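Since the structure comes first, as structure tokens, the remarks are kept for the end.
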2 protein chains.
Amino acid sequence: MSESAPEAPLPDKEKDIGEWYDGVLERAELLDTRYGVKGFVVYRPNAMRIVKRIYRMFEEELERGGHMPMLLPLVIPMANFRRETEHVKGFEDQVFYITEAGGRPLDEKLIVRPTSETAIYPMFSLWIHSYGDMPMRLYQSVAVYRHETKATRPLLRGREFLWIETHDAFEDEAGAMAQIREDLEVAKKVYDGLGLAFLVVEREPYDKFPGAESSYAYDALLPNGNVLQIATTHYLGDHFTKAFDVSFTDRDGNSRNPRTTCFGVGISRTLAALVMTHGDRYGLVLPFGLSVHDLVIVPIPHRGSVDEVIGKARQLEAELRGAGFDVYMDGSEESPGDKFYRWEMVGVPVRIEVGRREVEGGYVTLFRRDMRTRERVKDGDLQARIRALSSEISENLRRRARERLDGSISNAASREDVMRLAQEGRIIRANFCGMDECAREIKEETGYEVRGRRVDVEEKPTGNCAWCGRPAARVVYMAKAY
Amino acid sequence: MSESAPEAPLPDKEKDIGEWYDGVLERAELLDTRYGVKGFVVYRPNAMRIVKRIYRMFEEELERGGHMPMLLPLVIPMANFRRETEHVKGFEDQVFYITEAGGRPLDEKLIVRPTSETAIYPMFSLWIHSYGDMPMRLYQSVAVYRHETKATRPLLRGREFLWIETHDAFEDEAGAMAQIREDLEVAKKVYDGLGLAFLVVEREPYDKFPGAESSYAYDALLPNGNVLQIATTHYLGDHFTKAFDVSFTDRDGNSRNPRTTCFGVGISRTLAALVMTHGDRYGLVLPFGLSVHDLVIVPIPHRGSVDEVIGKARQLEAELRGAGFDVYMDGSEESPGDKFYRWEMVGVPVRIEVGRREVEGGYVTLFRRDMRTRERVKDGDLQARIRALSSEISENLRRRARERLDGSISNAASREDVMRLAQEGRIIRANFCGMDECAREIKEETGYEVRGRRVDVEEKPTGNCAWCGRPAARVVYMAKAY
């Protein structure tokens with residue numbers, strides 16, 4: 001951690017996102033990718049603080065909506081894993097198996113959870129008997145394990161990734177679908193708080209979660225124009241409750257299968273989206289509440305004014321801490337320039353610079369990380385200005401992300417439009433027939449995926465499929481997916 | 001969750017701790033042991049809420065002392081696992097191996113972490129170069145996996161258990177030993193907050209953590225007189241830094257190996273100790289901040305006074321919530337008796353009963369769970385009384401636990417004393433020679449283990465070893481360990 005700080009800025013994010021991303025993960029000390037097992041990384045403190053904060057934001061929202069925390073085992077018996085046909089087909093090529101312990105083979109191979117449907121449903125069959133037992137809303141915050149064979153990338157695609165999964169059971173479809181809407185609302189609240197921009201879409205039928213009736217997703221925009229799925233919620237109908245014999249006595253005394261949903265939030269991917277959406281050549285850019293500190297004070301002592309400068313810096317630190325701000329006065333031996341570099345790299349949203357002029361003039365110089373601009377603020381106005389900046393920075397990040405996303409979308413009316421816009425790396429909005437084979441052709445010829453129809457705004461198709469010319473079933477968004 | 005509540009009290013804890021424990025885990029809906037894989041249990045919401053709270057208490061104390069959160073992968077490559085000789089000997093019979101993924105054998109078997117020394121030290125060798133890089137204090141909150149071959153018991157001995165582990169590096173032994181003292185202080189603060197009683201001991205040399213120079217432990221007393229190790233901290237010297245080539249340039253420019261420590265807090269076991277220490281025939285007993293709610297209001301409506309009673313209950317709920325209390329008004333259809341049963345079972349510390357008399361008299365009836373006593377409190381005094389109860393209950397639990405522990409300890413001066421007191425199930429305090437073979441004999445003849453010398457109070461030996469009569473090296477405590 002003492003390597004002398006490399007002072008050159010990072011590469012241009014828009015030009016070489018790959019190199020920028022690797023650079024910021026290393027220089028902001030977020031991850032260490034040298035652990036030595038493919039697809040597994042070490043989360044360093046600067047990443048874990050953000051991860052814990054994102055977990056807390058989601059958990060608070062989920063609990064407000066009636067979800068309760070639980071914890072299922074890491075391992076799933078083979079017999080359970082095999083019970084829902086679609087589901088096992090979707091995951092069996094990706095699961096890790098524990099086969100030995102203490103040097104001897106286990107009696108039954110154990111699956112390392114790739115997701116926990118096949119762990120929770122046997123429990124649902126023990127817990128759910130009557131309509132009075134529902135709605136049942138449970139969540140767990142865990143890591144899941146998938147043996148990805150595609151190239152792995154830290155946080156984006158790994159063999160171990162952090163997430164939250166909910167498992168909810170309802171008397172009927174209406175209850176379940178209301179939950180889906182609430183899940184989308186939970187994600188919106190948190191992602192708005194993080195200043196992310198996203199498309200909320202219903203996935204096409206052939207693109208659902210294995211075992212789902214319908215799937216809904218949050219796609220975030222990456223700086224290279226690709227989209228990244230960061231959260232999904234699924235209506236599972238009675239697929240799993242039938243497969244696992246979960247039934248209840250309804251209000252009329254009849255035995256029925258509950259309707260269920262599951263909501264998965266990729267915490268690792270949300271961190272990746274946060275880093276990539278806001279970051280710049282100087283490192284991370286974060287709203288208040290996510291970086292190591294919200295405020296750092298950097299004293300800039302000159303000969304003859306050392307005591308006054310340090311004195312004012314200390315006094316400000318005490319006052320701001322007393323007022324409840326998360327502030328740190330960097331009194332280390334480093335040069336002010338090195339300190340600027342280091343605190344910018346980790347995304348501290350506001351820096352307070354105190355030099356001789358600030359002491360004499362009764363003001364401070366505030367540096368806001370999101371704009372990289374400085375302003376003078378009178379000592380007496382400081383706390384009010386910081387409070388205002390806290391929301392200004394959040395809003396600015398959210399607005400910039402939203403504008404970038406909106407500006408990345410183009411309408412396509414024809415196959416030629418689709419081909420050309422894909423060439424240009426645009427997100428494509430188009431009328432679509434809804435046919436699996438059209439989506440496959442588009443993927444083959446452009447590398448683009450049909451990501452689905454938006455569910456946060458209503459968009460009615462007004463013509464024919466841009467690709468095949470048959471009548472359009474809906475307006476969809478097409479993009480290159482990470 | 002709708003099974004009609006079984007109203008009979010639990011068995012007597014002192015008479016049949018096993019049956020009591022199974023009963024409370026099930027009836028307070030803490031765990032479900034029917035998951036179907038030996039040694040793995042499902043944590044239900046009532047347990048997870050407490051688990052999350054205990055994690056937060058420890059994490060806050062650790063961060064206050066300069067620890068930073070991190071996350072290491074679940075898996076450890078075989079080659080790393082084998083590098084510290086003592087360590088691998090201590091764990092190799094217990095580790096789970098991941099050997100396959102997606103139906104094909106892995107190139108290299110992976111260990112599922114039983115503890116993370118062999119994961120972090122390769123990282124330390126990348127992160128630590130100079131004395132300026134230390135002290136390095138990191139922690140992670142994770143589950144660990146050990147293929148226990150002894151009989152497993154929920155929370156007490158499982159194949160998956162929740163814990164916190166710290167990994168700290170220092171320039172020298174003095175820094176490391178100061179950390180050991182701080183670790184013990186952190187545990188003391190949290191355990192005092194939970195009202196637990198404990199012996200803080202240095203383990204005997206032959207009883208150390210595999211790879212440690214010296215080991216220190218928190219032993220909690222179980223109701224049957226056994227002790228349960230709930231936290232340990234270890235001075236690892238340079239064993240691991242040498243084995244993993246971790247070195248740094250010291251203040252004089254010389255290359256040296258850091259001295260390291262690790263601190264493991266068993267969160268599952270702490271929950272077990274919490275349940276067993278305070279619980280009674282009516283279920284869990286908990287201090288404020290750990291149960292589902294701190295306060296429940298149970299209205300007891302009578303014919304002719306339903307509106308007034310419900311009205312007062314609602315008003316109290318609003319007032320108490322407004323004042324920041326965690327309160328729930330149970331307006332369900334159940335009978336008051338069923339509500340009493342249910343909220344006592346999950347350990348809600350204070351119940352507020354509101355009936356016709358309470359409405360007419362301008363008071364409420366408070367029931368405190370720890371004593372199972374009722375008192376009348378005037379409406380105007382309610383908030384102050386609840387605030388007072390919050391600390392009174394904590395202190396009462398802590399005092400009771402401490403008295404039980406103190407009252408369980410007897411002095412032994414001779415082999416006959418040891419034999420007799422072991423027969424009686426007492427914790428034994430005795431002069432001890434410090435010889436491995438004596439400890440082995442004691443274990444063979446009495447089933448008791450020498451748990452070590454206390455480090456929280458100084459106790460000087462004043463004679464000969466109670467067992468063998470040779471000169472005593474220290475005063476130790478002997479007990480049957482869970």
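Here, A, B, ... name the chains of the structure tokens in the order displayed, residue numbers run from 1 inside each chain, and ligands are numbered from 1 in the same displayed order.
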Exercise answer, chain A residues close to chain B, 6 Å and only C-alpha atoms, as JSON, numbers by chain: {"A": [1, 2, 42, 43, 44, 45, 48, 68, 69, 70, 71, 72, 93, 94, 95, 96, 97, 98, 100, 101, 102, 127, 133]}
DSSP alpha helix (DSSP H) residues within region 294-366 of chain A, as a PyMOL selection string: chain A and resi 306-322+336-345+356-361
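Restricting the calculation to only C-alpha atoms, the smallest distance between Lys312 (chain B) and any of B:Glu424, B:Asp379, B:Ile409, B:Glu441 is found for B:Asp379.
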Spatial neighbours of Glu117 (chain A), 10 Å, only C-alpha atoms, chain gap at least 3 places, as a ChimeraX atom specification: /A:76,80-81,84,87,113-114,120-122,165-167,211,240,262
Shell around region 301-303 of chain B at 12 Å using only C-alpha atoms, local window under 6 positions removed, as a PyMOL selection string: chain B and resi 309-313+331-336+353-359
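The shortest atom-to-atom distance to His293 (chain A), with only C-alpha atoms taken into account, belongs to A:Val346 out of A:Val346, A:Ala323, A:Met435, A:Ala318.
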Strand (DSSP E) positions in region 133-205 of chain B, given as a VMD selection string: chain B and resid 136 to 145 160 to 170 198 to 202
Could those residues be written to a file, using C-alpha atoms, as a PDB file, in the first residue's frame?
```
ATOM      1  CA  MET B 136      -2.304  -3.613   8.478  1.00  0.00           C
ATOM      2  CA  ARG B 137      -5.621  -4.587  10.019  1.00  0.00           C
ATOM      3  CA  LEU B 138      -8.210  -6.375   7.894  1.00  0.00           C
ATOM      4  CA  TYR B 139     -11.337  -8.357   8.659  1.00  0.00           C
ATOM      5  CA  GLN B 140     -13.977 -10.292   6.811  1.00  0.00           C
ATOM      6  CA  SER B 141     -17.425 -11.526   7.832  1.00  0.00           C
ATOM      7  CA  VAL B 142     -17.988 -14.871   6.167  1.00  0.00           C
ATOM      8  CA  ALA B 143     -19.010 -18.475   6.630  1.00  0.00           C
ATOM      9  CA  VAL B 144     -16.319 -21.129   6.931  1.00  0.00           C
ATOM     10  CA  TYR B 145     -16.563 -24.828   6.203  1.00  0.00           C
ATOM     11  CA  GLU B 160     -20.886 -24.396   7.881  1.00  0.00           C
ATOM     12  CA  PHE B 161     -20.555 -21.696  10.493  1.00  0.00           C
ATOM     13  CA  LEU B 162     -20.650 -17.943  10.517  1.00  0.00           C
ATOM     14  CA  TRP B 163     -17.770 -15.948  11.871  1.00  0.00           C
ATOM     15  CA  ILE B 164     -15.563 -12.907  11.608  1.00  0.00           C
ATOM     16  CA  GLU B 165     -11.870 -13.338  11.006  1.00  0.00           C
ATOM     17  CA  THR B 166      -9.230 -10.630  11.245  1.00  0.00           C
ATOM     18  CA  HIS B 167      -5.760 -10.835   9.725  1.00  0.00           C
ATOM     19  CA  ASP B 168      -3.327  -8.257  11.072  1.00  0.00           C
ATOM     20  CA  ALA B 169       0.351  -7.583  10.381  1.00  0.00           C
ATOM     21  CA  PHE B 170       2.801  -5.601  12.526  1.00  0.00           C
ATOM     22  CA  PHE B 198     -17.040 -15.808  30.020  1.00  0.00           C
ATOM     23  CA  LEU B 199     -13.586 -16.895  31.053  1.00  0.00           C
ATOM     24  CA  VAL B 200     -10.803 -15.218  29.090  1.00  0.00           C
ATOM     25  CA  VAL B 201      -7.891 -17.615  29.023  1.00  0.00           C
ATOM     26  CA  GLU B 202      -4.573 -18.226  27.375  1.00  0.00           C
TER      27      GLU B 202
END
```
Å distance separating CA of Ala479 (chain B) from CA of Ala28 (chain B), one decimal place: 29.7 Å
Distance query region 174-190 of chain B at most 9 Å, only C-alpha atoms, self and fewer than 2 positions along chain excluded, as a ChimeraX atom specification: /B:54,57-58,61-62,65,135,168-172,192-196,198,200,216-218,231-237,259-263,265,456
Grab the residues selected above and save them as a CSV table (one decimal), in the first residue's frame with C-alpha atoms.
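Writing done, so here's result-v2.csv:
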```
chain,number,residue,atom,x,y,z
B,54,ILE,CA,-24.1,-9.3,16.4
B,57,MET,CA,-21.6,-4.9,16.9
B,58,PHE,CA,-18.3,-6.6,16.2
B,61,GLU,CA,-15.8,-2.2,17.3
B,62,LEU,CA,-13.2,-3.6,14.9
B,65,GLY,CA,-9.9,0.1,16.3
B,135,PRO,CA,0.0,-1.9,11.0
B,168,ASP,CA,-3.3,-8.3,11.1
B,169,ALA,CA,0.4,-7.6,10.4
B,170,PHE,CA,2.8,-5.6,12.5
B,171,GLU,CA,6.4,-4.6,12.5
B,172,ASP,CA,7.2,-6.4,15.7
B,192,ASP,CA,-20.8,-7.5,27.9
B,193,GLY,CA,-23.4,-5.8,25.6
B,194,LEU,CA,-25.0,-9.2,25.0
B,195,GLY,CA,-24.9,-10.0,28.8
B,196,LEU,CA,-22.8,-13.0,28.3
B,198,PHE,CA,-17.0,-15.8,30.0
B,200,VAL,CA,-10.8,-15.2,29.1
B,216,TYR,CA,-6.3,-16.7,23.7
B,217,ALA,CA,-9.9,-17.6,24.0
B,218,TYR,CA,-13.3,-16.6,25.3
B,231,ALA,CA,-13.9,-16.4,20.2
B,232,THR,CA,-10.1,-16.8,19.9
B,233,THR,CA,-7.2,-14.6,19.1
B,234,HIS,CA,-3.8,-15.9,18.1
B,235,TYR,CA,-0.3,-14.6,18.0
B,236,LEU,CA,1.2,-16.2,14.9
B,237,GLY,CA,4.8,-14.8,15.3
B,259,ARG,CA,4.6,-10.5,13.1
B,260,THR,CA,1.0,-11.3,12.7
B,261,THR,CA,-2.2,-12.1,14.5
B,262,CYS,CA,-5.6,-13.4,13.7
B,263,PHE,CA,-8.9,-13.1,15.6
B,265,VAL,CA,-15.3,-14.7,16.4
B,456,ASP,CA,-8.3,-10.9,32.5
```
Residue contacts of Asp436 (chain B) (12 Å, only C-alpha atoms) excluding same-chain residues fewer than 5 positions away, as a list of chain:residue names: B:Arg203, B:Glu204, B:Pro205, B:Tyr206, B:Asp207, B:Glu441, B:Ile442, B:Lys443, B:Glu449, B:Val450, B:Gly452, B:Cys468
d(CA of Glu308 (chain B), CA of Lys339 (chain B)) in Å: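 Rounded to one decimal, the two atoms are 19.6 Å apart.
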